[in-house]
Amino acid sequence: MSLTPAEQKVLDRIDEDLLVQITQDLVRAPGQNPPGEETATVAALTAAGRQLGLDVGTSVVEPGRDNVSITLAGGNDPGLLLLGHTDVVPVGDGWTVDPYGGLLRDGRIYGRGASDMKGGLAAALVALAALRGTTLSGPVELAAVVDEEETGNGIRAYIEANPVRQYVGCVTAEPTDLQTIVAARGDSYLQVSVHGRASHAGNPDGGANAIYGAAAVVAEIERLHKELAAAPHPLLGPATWSVGQINGGTGGSIVPADCVIVADRRLLPGESPAAILADLDRRIAALHLEDRGLTVELAMPMEMPAFETPEDADLVRITEAARFDAGGPPLPLAGWTAACDGGYIARDLGVPVVVLGPGSVTTQAHRADESVAVAELVTAARAYALTALRLL
């Protein structure tokens, strides 16, 4: 589709220098989670929104942790939601540049969160600014929430505060290499606590070894993972299990009384976290750990739903055409094995969702010397602006 004069006028307002500056400002504002340090990033984002003349609001999720809503007004019809998060994973080791420096070098901006996803936030904000003065049937809102990298408290609080907000669609600005994602796996963390009875290791039968019980649970989870491989999703592959942590015992000469397992369960569209928890409970019950003097407690401290949007949905067709017309690479519609807050929007608000953003979740996010290409930031901002123009 060729650009109309009105569309070209909006795209001409996308200022690369401004986009670079906002991205650098956001990268220079720490936002590690854990422990949940989004305050500086929220301050930088709200300051930029106000300077651009947009309507900026915040709402408290937890003390010192605010969600941000930046809105460009439109008509009274349903609007377009651009979704992002203000937290980043901890810096970690191995950096050769300042992780909070926002270094611009050879057309790339470096720093923690440059790709995941402060670049996406900056591109969405600049797109809103470029749309000022246009006639839109509904508003365009950038919602930037806290706690995406951990337990999802930010997006849940956002939905609770806006249960009847109407949107024609949601574009989540996570890093996708500028590919339109129409389906994404969800994620859940499961905690299995095994309780036994301590005793002297010289008389191990006098106790009940919680680590032995946990080992049986780990073996069962591994069997579950292999079973799931037989039913892959066409875009997302199979659901998966992975045991990521195990912690138990107090010393080599003591039969351990407690052991805790933390496992990651990736979800496919339509899967119920509650059903998965119940299934694991049944599987563990079949191990008859009580015969060993053991008890088990299960919990799911985090669950992020999967989503899938039909490829012929208006949001998908319009966003994909806008992405291509904005200069995006020739890539097919795809699925994403990562998880994102867009799943909550799809499940809890019934709004169609796609994921599209600058940067790479596979080669840049969550690693040392994270960076994003300035050219991708510009293309993303153009794509968001065109999507809004054509949807609204």
# chains A, B, ... in the order shown; residues from 1 in each chain; ligands from 1
$ closest_atom_pairs --of "stretch 244-334 of chain A" --to "stretch 149-171 of chain A" --cutoff "9 Å" --atoms "only C-alpha atoms" --output "JSON lines"
{"residue": "A:Pro301", "atom": "CA", "partner": "A:Thr151", "partner_atom": "CA", "distance": 7.3}
{"residue": "A:Met302", "atom": "CA", "partner": "A:Thr151", "partner_atom": "CA", "distance": 5.1}
{"residue": "A:Glu303", "atom": "CA", "partner": "A:Thr151", "partner_atom": "CA", "distance": 7.4}
{"residue": "A:Met304", "atom": "CA", "partner": "A:Gly152", "partner_atom": "CA", "distance": 7.3}
{"residue": "A:Asp314", "atom": "CA", "partner": "A:Gly169", "partner_atom": "CA", "distance": 8.8}
{"residue": "A:Leu315", "atom": "CA", "partner": "A:Gly169", "partner_atom": "CA", "distance": 6.1}
{"residue": "A:Thr319", "atom": "CA", "partner": "A:Val171", "partner_atom": "CA", "distance": 8.4}
$ write_last_selection --atoms "N, CA, C and O atoms" --output "short mmCIF file (atom, residue, chain, number, x, y, z; two decimals), in the first residue's frame"
data_model
loop_
_atom_site.label_atom_id
_atom_site.label_comp_id
_atom_site.auth_asym_id
_atom_site.auth_seq_id
_atom_site.Cartn_x
_atom_site.Cartn_y
_atom_site.Cartn_z
N PRO A 301 3.36 -18.65 41.88
CA PRO A 301 3.53 -17.24 42.21
C PRO A 301 3.42 -16.30 41.02
O PRO A 301 3.25 -15.09 41.20
N MET A 302 3.51 -16.83 39.79
CA MET A 302 3.38 -15.98 38.61
C MET A 302 2.75 -16.75 37.48
O MET A 302 3.07 -17.91 37.26
N GLU A 303 1.81 -16.10 36.78
CA GLU A 303 1.27 -16.69 35.55
C GLU A 303 0.98 -15.57 34.57
O GLU A 303 0.42 -14.55 34.92
N MET A 304 1.44 -15.75 33.35
CA MET A 304 1.27 -14.78 32.27
C MET A 304 0.64 -15.53 31.09
O MET A 304 1.25 -16.45 30.54
N ASP A 314 -8.43 -7.55 11.60
CA ASP A 314 -8.11 -6.20 11.11
C ASP A 314 -6.80 -5.69 11.69
O ASP A 314 -5.98 -5.09 10.98
N LEU A 315 -6.61 -5.91 12.99
CA LEU A 315 -5.38 -5.42 13.63
C LEU A 315 -4.15 -6.02 12.96
O LEU A 315 -3.16 -5.31 12.71
N THR A 319 -1.65 -3.65 10.87
CA THR A 319 -0.31 -3.50 11.46
C THR A 319 0.76 -4.04 10.53
O THR A 319 1.81 -3.42 10.36
#
$ residues_around --residues "stretch 23-31 of chain A" --least-positions-apart "3" --cutoff "10 Å" --atoms "only C-alpha atoms" --output "short mmCIF file (atom, residue, chain, number, x, y, z; two decimals) with all heavy atoms, in the first residue's frame"
data_model
loop_
_atom_site.label_atom_id
_atom_site.label_comp_id
_atom_site.auth_asym_id
_atom_site.auth_seq_id
_atom_site.Cartn_x
_atom_site.Cartn_y
_atom_site.Cartn_z
N ASP A 17 16.56 12.44 15.82
CA ASP A 17 17.36 12.96 16.92
C ASP A 17 16.58 12.90 18.24
O ASP A 17 17.13 12.55 19.29
CB ASP A 17 17.81 14.39 16.64
CG ASP A 17 18.81 14.48 15.52
OD1 ASP A 17 19.46 13.45 15.21
OD2 ASP A 17 18.95 15.57 14.93
N LEU A 18 15.30 13.25 18.18
CA LEU A 18 14.45 13.18 19.37
C LEU A 18 14.32 11.73 19.85
O LEU A 18 14.38 11.44 21.04
CB LEU A 18 13.07 13.76 19.08
CG LEU A 18 12.03 13.66 20.18
CD1 LEU A 18 12.46 14.46 21.41
CD2 LEU A 18 10.66 14.13 19.68
N LEU A 19 14.16 10.83 18.91
CA LEU A 19 14.02 9.41 19.23
C LEU A 19 15.27 8.88 19.92
O LEU A 19 15.20 8.15 20.92
CB LEU A 19 13.73 8.64 17.94
CG LEU A 19 13.34 7.17 18.01
CD1 LEU A 19 12.27 6.92 19.05
CD2 LEU A 19 12.88 6.72 16.63
N VAL A 20 16.42 9.26 19.41
CA VAL A 20 17.68 8.85 20.03
C VAL A 20 17.79 9.42 21.44
O VAL A 20 18.16 8.72 22.39
CB VAL A 20 18.88 9.29 19.16
CG1 VAL A 20 20.19 9.14 19.93
CG2 VAL A 20 18.93 8.48 17.86
N PRO A 34 14.29 -7.97 39.57
CA PRO A 34 14.28 -7.43 40.92
C PRO A 34 15.42 -6.44 41.14
O PRO A 34 16.39 -6.50 40.42
CB PRO A 34 14.41 -8.68 41.79
CG PRO A 34 15.15 -9.67 40.93
CD PRO A 34 14.66 -9.39 39.54
N PRO A 35 15.20 -5.54 42.13
CA PRO A 35 14.16 -5.52 43.16
C PRO A 35 12.92 -4.71 42.80
O PRO A 35 11.96 -4.72 43.54
CB PRO A 35 14.88 -4.85 44.34
CG PRO A 35 15.83 -3.90 43.69
CD PRO A 35 16.28 -4.57 42.42
N GLY A 36 12.91 -4.01 41.67
CA GLY A 36 11.76 -3.18 41.32
C GLY A 36 12.08 -1.72 41.43
O GLY A 36 11.51 -1.01 42.26
N GLU A 37 13.00 -1.25 40.57
CA GLU A 37 13.52 0.11 40.67
C GLU A 37 13.07 0.97 39.49
O GLU A 37 13.87 1.70 38.90
CB GLU A 37 15.05 0.07 40.71
CG GLU A 37 15.62 -0.71 41.88
CD GLU A 37 17.12 -0.89 41.81
OE1 GLU A 37 17.69 -0.75 40.69
OE2 GLU A 37 17.73 -1.15 42.85
N GLU A 38 11.79 0.91 39.16
CA GLU A 38 11.32 1.61 37.97
C GLU A 38 11.17 3.12 38.12
O GLU A 38 10.89 3.82 37.14
CB GLU A 38 9.97 1.03 37.51
CG GLU A 38 9.98 -0.45 37.16
CD GLU A 38 9.53 -1.34 38.29
OE1 GLU A 38 9.58 -0.88 39.47
OE2 GLU A 38 9.15 -2.48 38.03
N THR A 39 11.36 3.65 39.33
CA THR A 39 11.05 5.05 39.60
C THR A 39 11.75 6.00 38.64
O THR A 39 11.13 6.94 38.09
CB THR A 39 11.42 5.42 41.05
OG1 THR A 39 10.70 4.57 41.94
CG2 THR A 39 11.06 6.86 41.35
N ALA A 40 13.04 5.81 38.42
CA ALA A 40 13.80 6.73 37.55
C ALA A 40 13.31 6.65 36.11
O ALA A 40 13.20 7.66 35.41
CB ALA A 40 15.29 6.42 37.63
N THR A 41 13.02 5.44 35.64
CA THR A 41 12.52 5.28 34.27
C THR A 41 11.16 5.93 34.12
O THR A 41 10.88 6.59 33.10
CB THR A 41 12.44 3.79 33.91
OG1 THR A 41 13.72 3.18 34.11
CG2 THR A 41 12.03 3.60 32.46
N VAL A 42 10.30 5.76 35.10
CA VAL A 42 8.98 6.39 35.07
C VAL A 42 9.13 7.91 35.01
O VAL A 42 8.43 8.59 34.25
CB VAL A 42 8.15 5.96 36.29
CG1 VAL A 42 6.92 6.85 36.47
CG2 VAL A 42 7.74 4.50 36.16
N ALA A 43 10.05 8.45 35.79
CA ALA A 43 10.27 9.90 35.79
C ALA A 43 10.73 10.39 34.43
O ALA A 43 10.27 11.42 33.92
CB ALA A 43 11.28 10.28 36.87
N ALA A 44 11.66 9.66 33.81
CA ALA A 44 12.16 10.06 32.49
C ALA A 44 11.07 9.97 31.43
O ALA A 44 10.95 10.84 30.56
CB ALA A 44 13.36 9.19 32.10
N LEU A 45 10.25 8.92 31.50
CA LEU A 45 9.19 8.74 30.51
C LEU A 45 8.11 9.80 30.66
O LEU A 45 7.65 10.37 29.66
CB LEU A 45 8.60 7.34 30.66
CG LEU A 45 7.57 6.92 29.61
CD1 LEU A 45 8.19 6.87 28.22
CD2 LEU A 45 6.98 5.54 29.97
N ALA A 48 9.33 13.20 29.40
CA ALA A 48 9.34 13.27 27.94
C ALA A 48 7.93 13.44 27.40
O ALA A 48 7.69 14.24 26.47
CB ALA A 48 9.99 12.01 27.36
N THR A 86 8.32 -0.70 32.03
CA THR A 86 9.41 0.19 32.42
C THR A 86 10.53 -0.52 33.17
O THR A 86 11.58 0.08 33.41
CB THR A 86 8.88 1.33 33.31
OG1 THR A 86 8.11 0.78 34.39
CG2 THR A 86 8.01 2.29 32.51
N ASP A 87 10.34 -1.78 33.56
CA ASP A 87 11.39 -2.49 34.28
C ASP A 87 12.31 -3.22 33.30
O ASP A 87 11.95 -3.52 32.17
CB ASP A 87 10.80 -3.48 35.29
CG ASP A 87 9.89 -4.53 34.67
OD1 ASP A 87 9.23 -4.23 33.65
OD2 ASP A 87 9.84 -5.66 35.19
N VAL A 88 13.53 -3.47 33.78
CA VAL A 88 14.51 -4.24 33.02
C VAL A 88 15.10 -5.29 33.95
O VAL A 88 15.02 -5.19 35.18
CB VAL A 88 15.64 -3.35 32.46
CG1 VAL A 88 15.08 -2.30 31.51
CG2 VAL A 88 16.44 -2.68 33.58
N VAL A 89 15.71 -6.32 33.36
CA VAL A 89 16.37 -7.33 34.17
C VAL A 89 17.65 -6.75 34.77
O VAL A 89 18.17 -5.74 34.28
CB VAL A 89 16.69 -8.59 33.34
CG1 VAL A 89 15.41 -9.26 32.87
CG2 VAL A 89 17.61 -8.27 32.18
N PRO A 90 18.17 -7.34 35.84
CA PRO A 90 19.42 -6.84 36.42
C PRO A 90 20.55 -6.79 35.41
O PRO A 90 20.58 -7.55 34.43
CB PRO A 90 19.70 -7.85 37.54
CG PRO A 90 18.34 -8.34 37.94
CD PRO A 90 17.56 -8.41 36.66
N VAL A 91 21.49 -5.90 35.65
CA VAL A 91 22.57 -5.64 34.70
C VAL A 91 23.41 -6.88 34.44
O VAL A 91 23.71 -7.24 33.30
CB VAL A 91 23.46 -4.48 35.21
CG1 VAL A 91 24.73 -4.39 34.39
CG2 VAL A 91 22.69 -3.17 35.13
N ASP A 98 29.30 1.07 29.56
CA ASP A 98 28.50 1.44 30.72
C ASP A 98 27.05 1.01 30.48
O ASP A 98 26.41 1.48 29.53
CB ASP A 98 28.58 2.95 30.92
CG ASP A 98 27.78 3.44 32.13
OD1 ASP A 98 27.09 2.63 32.78
OD2 ASP A 98 27.85 4.65 32.42
N PRO A 99 26.52 0.11 31.30
CA PRO A 99 25.14 -0.35 31.07
C PRO A 99 24.09 0.73 31.23
O PRO A 99 22.96 0.56 30.77
CB PRO A 99 24.95 -1.46 32.11
CG PRO A 99 25.98 -1.20 33.15
CD PRO A 99 27.13 -0.58 32.44
N TYR A 100 24.44 1.84 31.87
CA TYR A 100 23.53 2.96 32.01
C TYR A 100 24.03 4.20 31.26
O TYR A 100 23.58 5.31 31.51
CB TYR A 100 23.32 3.31 33.49
CG TYR A 100 22.63 2.23 34.27
CD1 TYR A 100 23.19 1.75 35.45
CD2 TYR A 100 21.43 1.69 33.83
CE1 TYR A 100 22.56 0.75 36.18
CE2 TYR A 100 20.79 0.69 34.55
CZ TYR A 100 21.36 0.22 35.72
OH TYR A 100 20.73 -0.76 36.43
N GLY A 101 24.94 4.00 30.33
CA GLY A 101 25.53 5.13 29.63
C GLY A 101 24.75 5.63 28.43
O GLY A 101 24.90 6.78 28.02
N GLY A 102 23.94 4.77 27.82
CA GLY A 102 23.21 5.18 26.62
C GLY A 102 24.14 5.52 25.47
O GLY A 102 23.83 6.40 24.65
N LEU A 103 25.27 4.84 25.37
CA LEU A 103 26.26 5.11 24.33
C LEU A 103 25.65 4.96 22.94
O LEU A 103 25.00 3.97 22.64
CB LEU A 103 27.45 4.15 24.48
CG LEU A 103 28.49 4.16 23.37
CD1 LEU A 103 29.26 5.48 23.36
CD2 LEU A 103 29.45 2.97 23.53
N LEU A 104 25.88 5.96 22.09
CA LEU A 104 25.50 5.90 20.67
C LEU A 104 26.78 5.64 19.88
O LEU A 104 27.68 6.48 19.86
CB LEU A 104 24.84 7.19 20.22
CG LEU A 104 24.51 7.31 18.73
CD1 LEU A 104 23.53 6.23 18.29
CD2 LEU A 104 23.96 8.70 18.42
N ILE A 109 22.37 2.17 19.99
CA ILE A 109 22.35 2.70 21.35
C ILE A 109 22.55 1.52 22.30
O ILE A 109 21.82 0.52 22.22
CB ILE A 109 21.04 3.43 21.65
CG1 ILE A 109 20.86 4.61 20.69
CG2 ILE A 109 21.00 3.91 23.10
CD1 ILE A 109 19.49 5.26 20.77
N TYR A 110 23.52 1.66 23.22
CA TYR A 110 23.88 0.57 24.12
C TYR A 110 23.41 0.85 25.53
O TYR A 110 23.45 1.99 26.00
CB TYR A 110 25.41 0.39 24.13
CG TYR A 110 25.96 -0.23 22.87
CD1 TYR A 110 26.17 0.55 21.74
CD2 TYR A 110 26.25 -1.59 22.81
CE1 TYR A 110 26.68 -0.01 20.57
CE2 TYR A 110 26.76 -2.16 21.64
CZ TYR A 110 26.97 -1.36 20.54
OH TYR A 110 27.46 -1.92 19.38
N GLY A 111 23.03 -0.21 26.22
CA GLY A 111 22.68 -0.10 27.63
C GLY A 111 21.61 -1.10 28.01
O GLY A 111 20.89 -1.63 27.15
N ARG A 112 21.52 -1.37 29.32
CA ARG A 112 20.50 -2.31 29.79
C ARG A 112 19.12 -1.76 29.49
O ARG A 112 18.78 -0.63 29.82
CB ARG A 112 20.67 -2.55 31.29
CG ARG A 112 19.56 -3.38 31.92
CD ARG A 112 19.35 -4.74 31.22
NE ARG A 112 20.30 -5.75 31.63
CZ ARG A 112 20.90 -6.57 30.79
NH1 ARG A 112 20.69 -6.48 29.49
NH2 ARG A 112 21.74 -7.49 31.23
N GLY A 113 18.34 -2.56 28.79
CA GLY A 113 16.99 -2.18 28.42
C GLY A 113 16.89 -1.50 27.07
O GLY A 113 15.78 -1.20 26.62
N ALA A 114 18.02 -1.26 26.39
CA ALA A 114 17.95 -0.59 25.09
C ALA A 114 17.03 -1.33 24.14
O ALA A 114 16.21 -0.74 23.43
CB ALA A 114 19.36 -0.46 24.49
N SER A 115 17.13 -2.66 24.16
CA SER A 115 16.28 -3.48 23.29
C SER A 115 15.01 -3.90 24.01
O SER A 115 13.92 -3.85 23.44
CB SER A 115 17.09 -4.71 22.84
OG SER A 115 16.38 -5.47 21.89
N MET A 117 12.85 -2.90 27.15
CA MET A 117 12.29 -2.45 25.91
C MET A 117 12.15 -0.93 25.88
O MET A 117 11.13 -0.38 25.52
CB MET A 117 10.94 -3.12 25.67
CG MET A 117 9.94 -2.87 26.79
SD MET A 117 8.24 -3.31 26.35
CE MET A 117 7.87 -2.09 25.12
N LYS A 118 13.22 -0.26 26.33
CA LYS A 118 13.17 1.20 26.37
C LYS A 118 13.17 1.80 24.98
O LYS A 118 12.59 2.87 24.76
CB LYS A 118 14.31 1.72 27.23
CG LYS A 118 14.11 1.33 28.70
CD LYS A 118 15.20 1.83 29.62
CE LYS A 118 14.84 1.49 31.07
NZ LYS A 118 15.87 1.97 32.03
N GLY A 119 13.79 1.10 24.01
CA GLY A 119 13.70 1.56 22.64
C GLY A 119 12.28 1.52 22.12
O GLY A 119 11.81 2.45 21.43
N GLY A 120 11.54 0.48 22.46
CA GLY A 120 10.15 0.39 22.06
C GLY A 120 9.29 1.47 22.69
O GLY A 120 8.39 2.03 22.03
N LEU A 121 9.54 1.78 23.96
CA LEU A 121 8.81 2.85 24.62
C LEU A 121 9.07 4.19 23.93
O LEU A 121 8.14 4.97 23.69
CB LEU A 121 9.21 2.95 26.09
CG LEU A 121 8.80 1.81 27.02
CD1 LEU A 121 9.39 2.02 28.40
CD2 LEU A 121 7.28 1.70 27.10
N ALA A 122 10.34 4.45 23.61
CA ALA A 122 10.68 5.70 22.95
C ALA A 122 10.02 5.80 21.58
O ALA A 122 9.50 6.86 21.20
CB ALA A 122 12.20 5.83 22.82
N ALA A 123 10.02 4.70 20.83
CA ALA A 123 9.40 4.71 19.49
C ALA A 123 7.91 4.97 19.59
O ALA A 123 7.33 5.72 18.78
CB ALA A 123 9.68 3.38 18.79
N VAL A 146 4.83 -1.44 35.30
CA VAL A 146 5.95 -1.98 36.07
C VAL A 146 5.85 -3.51 36.13
O VAL A 146 4.83 -4.10 35.80
CB VAL A 146 5.97 -1.41 37.50
CG1 VAL A 146 6.12 0.11 37.48
CG2 VAL A 146 4.69 -1.79 38.27
N ASP A 147 6.96 -4.13 36.52
CA ASP A 147 6.97 -5.52 36.99
C ASP A 147 6.68 -6.56 35.92
O ASP A 147 6.27 -7.68 36.24
CB ASP A 147 6.00 -5.69 38.17
CG ASP A 147 6.31 -6.93 38.99
OD1 ASP A 147 7.49 -7.23 39.20
OD2 ASP A 147 5.35 -7.60 39.43
N VAL A 372 20.34 -1.50 20.61
CA VAL A 372 19.26 -1.44 19.62
C VAL A 372 19.71 -0.51 18.50
O VAL A 372 20.39 0.49 18.75
CB VAL A 372 17.94 -0.95 20.27
CG1 VAL A 372 18.05 0.50 20.74
CG2 VAL A 372 16.77 -1.12 19.32
N VAL A 374 19.38 2.35 15.78
CA VAL A 374 18.59 3.57 15.61
C VAL A 374 17.64 3.42 14.42
O VAL A 374 16.48 3.87 14.47
CB VAL A 374 19.52 4.78 15.42
CG1 VAL A 374 18.72 6.04 15.07
CG2 VAL A 374 20.36 5.02 16.68
N LEU A 377 14.54 1.78 15.53
CA LEU A 377 13.69 2.68 16.31
C LEU A 377 12.84 3.55 15.40
O LEU A 377 11.64 3.74 15.63
CB LEU A 377 14.55 3.57 17.21
CG LEU A 377 15.39 2.89 18.29
CD1 LEU A 377 16.24 3.92 19.01
CD2 LEU A 377 14.50 2.15 19.28
#
$ residues_around --residues "stretch 72-75 of chain A" --least-positions-apart "6" --cutoff "7 Å" --atoms "only C-alpha atoms" --output "count of residues only"
10
$ closest_residue --among "A:Ala6, A:Val56, A:Leu81, A:Leu268" --to "A:Pro352" --atoms "only C-alpha atoms"
A:Leu81
$ residues_around --residues "stretch 273-288 of chain A" --least-positions-apart "3" --cutoff "12 Å" --atoms "only C-alpha atoms" --output "PyMOL selection string"
chain A and resi 186-194+212-225+239-241+263-270+291-306
